[in-house]
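Since the structure comes first, as structure tokens, the remarks are kept for the end.
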Amino acid sequence: MSDESRMLLTDCLEVLKAAREDEVVISVMGTAREWSKISDHPLDLIYVPSSMGQATALGLGVALSQPSRRVVVCQGDGSLLMNLGSLVTITAHAPKNLTVLLFDNGVYEVTGIQQTLAASDFRRDEQSICYASLARSCGFQVVHEFASVDDWQVGVKECLSEDGPVFVVIKTTPMTENLSPKSPGPAAERIRNFAAALQVED
């Protein structure tokens, strides 16, 4: 898929922000960098730095401990590749309130836009890894793919409301400037505030 047919991460996150109600949103690395620019919600867990591969595990933990809340995980494909086993763990527990959004740009963006080994250029069969198929093989029963902002706008509400666990692949193009994620504030204070927000009754 060419970059011309992919979306900008910023556009995708704006769609999510517009659709969000009271969901918990967990973001790491590049998604955390961009999400922190547009959202300052008590139920945001913007987990940086050194958080590659941790978003799905964090999301599972929060979803299991907060079964009445929808939990949305935002991470890139490079981050997911650091902890693929978490997908099997998620489907073993099968929380109905968990949605995993995978922003697939084919690279490790924040470390310098290096292509991942899942990209076709690095594979003998010249076929990129299909994350939707991978998720199904790990046990996800509900899997969606989006390659246009219009389709994502139409489908986002369903992805945030249907029984999960839900796995969503969103095709994005790599960003090229200001790539490093920055912490939005002291981690200990943010974690305390997030934990307090989780205790508020709906």
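Chain labels A, B, ... are given in the sequence in which chains occur in the structure tokens; within each chain residues are numbered consecutively from 1, and ligands are likewise numbered from 1 in the order shown.
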
Exercise: stretch 125-132 of chain A partners within 7 Å, only C-alpha atoms, chain neighbours under 6 positions left out, as a short mmCIF file (atom, residue, chain, number, x, y, z; two decimals) with N, CA and C atoms, in the first residue's frame:
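Result file follows (part13.cif):
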```cif
data_model
loop_
_atom_site.label_atom_id
_atom_site.label_comp_id
_atom_site.auth_asym_id
_atom_site.auth_seq_id
_atom_site.Cartn_x
_atom_site.Cartn_y
_atom_site.Cartn_z
N ALA A 118 8.53 -6.47 9.61
CA ALA A 118 7.23 -6.90 9.08
C ALA A 118 6.96 -6.29 7.71
N ALA A 119 7.78 -5.32 7.31
CA ALA A 119 7.60 -4.65 6.03
C ALA A 119 8.09 -5.53 4.89
N VAL A 143 -12.29 -8.03 14.15
CA VAL A 143 -11.13 -7.35 13.56
C VAL A 143 -11.62 -6.43 12.45
N VAL A 169 -6.94 -2.27 12.67
CA VAL A 169 -5.73 -1.87 11.94
C VAL A 169 -6.05 -0.61 11.15
#
```

- Where does DSSP see alpha helix (DSSP H) in stretch 60-127 of chain A, if you list the residues as JSON, numbers by chain? {"A": [60, 61, 62, 63, 64, 65, 77, 78, 79, 80, 81, 85, 86, 87, 88, 89, 90, 91, 92, 93]}

- Using only C-alpha atoms, which of the listed residues (A:Pro67, A:Gly139, A:Gly106, A:Pro42) sits closest to A:Gly85?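 Of all the options, A:Gly139 lies closest to A:Gly85.
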
- Nearest candidate to A:Pro165 (options A:Ser27, A:Thr91, A:Ser137, A:Ser86; using only C-alpha atoms):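 Of A:Ser27, A:Thr91, A:Ser137, A:Ser86, the one nearest A:Pro165 is A:Thr91, counting only C-alpha atoms.
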
May I have a table of the residues of stretch 69-110 of chain A lying at most 12 Å from stretch 185-201 of chain A, giving each one's closest pair of atoms and their distance in Å to one decimal, counting only C-alpha atoms, ordered by chain and ascending residue number, as JSON lines?
```
{"residue": "A:Arg69", "atom": "CA", "partner": "A:Leu198", "partner_atom": "CA", "distance": 9.0}
{"residue": "A:Arg70", "atom": "CA", "partner": "A:Leu198", "partner_atom": "CA", "distance": 11.5}
{"residue": "A:Val71", "atom": "CA", "partner": "A:Leu198", "partner_atom": "CA", "distance": 11.2}
```

- Message: For A:Ile170, find every residue with an atom within 9 Å (counting only C-alpha atoms), except residues of its own chain fewer than 4 positions away, and show them as a PyMOL selection string.
- Response: chain A and resi 6-7+9+12+101-105+144-148+152

- strand (DSSP E) call set, DSSP backbone run, chain A, as a ChimeraX atom specification: /A:7-8,24-28,44-47,71-76,98-104,107-108,114-115,142-146,166-173
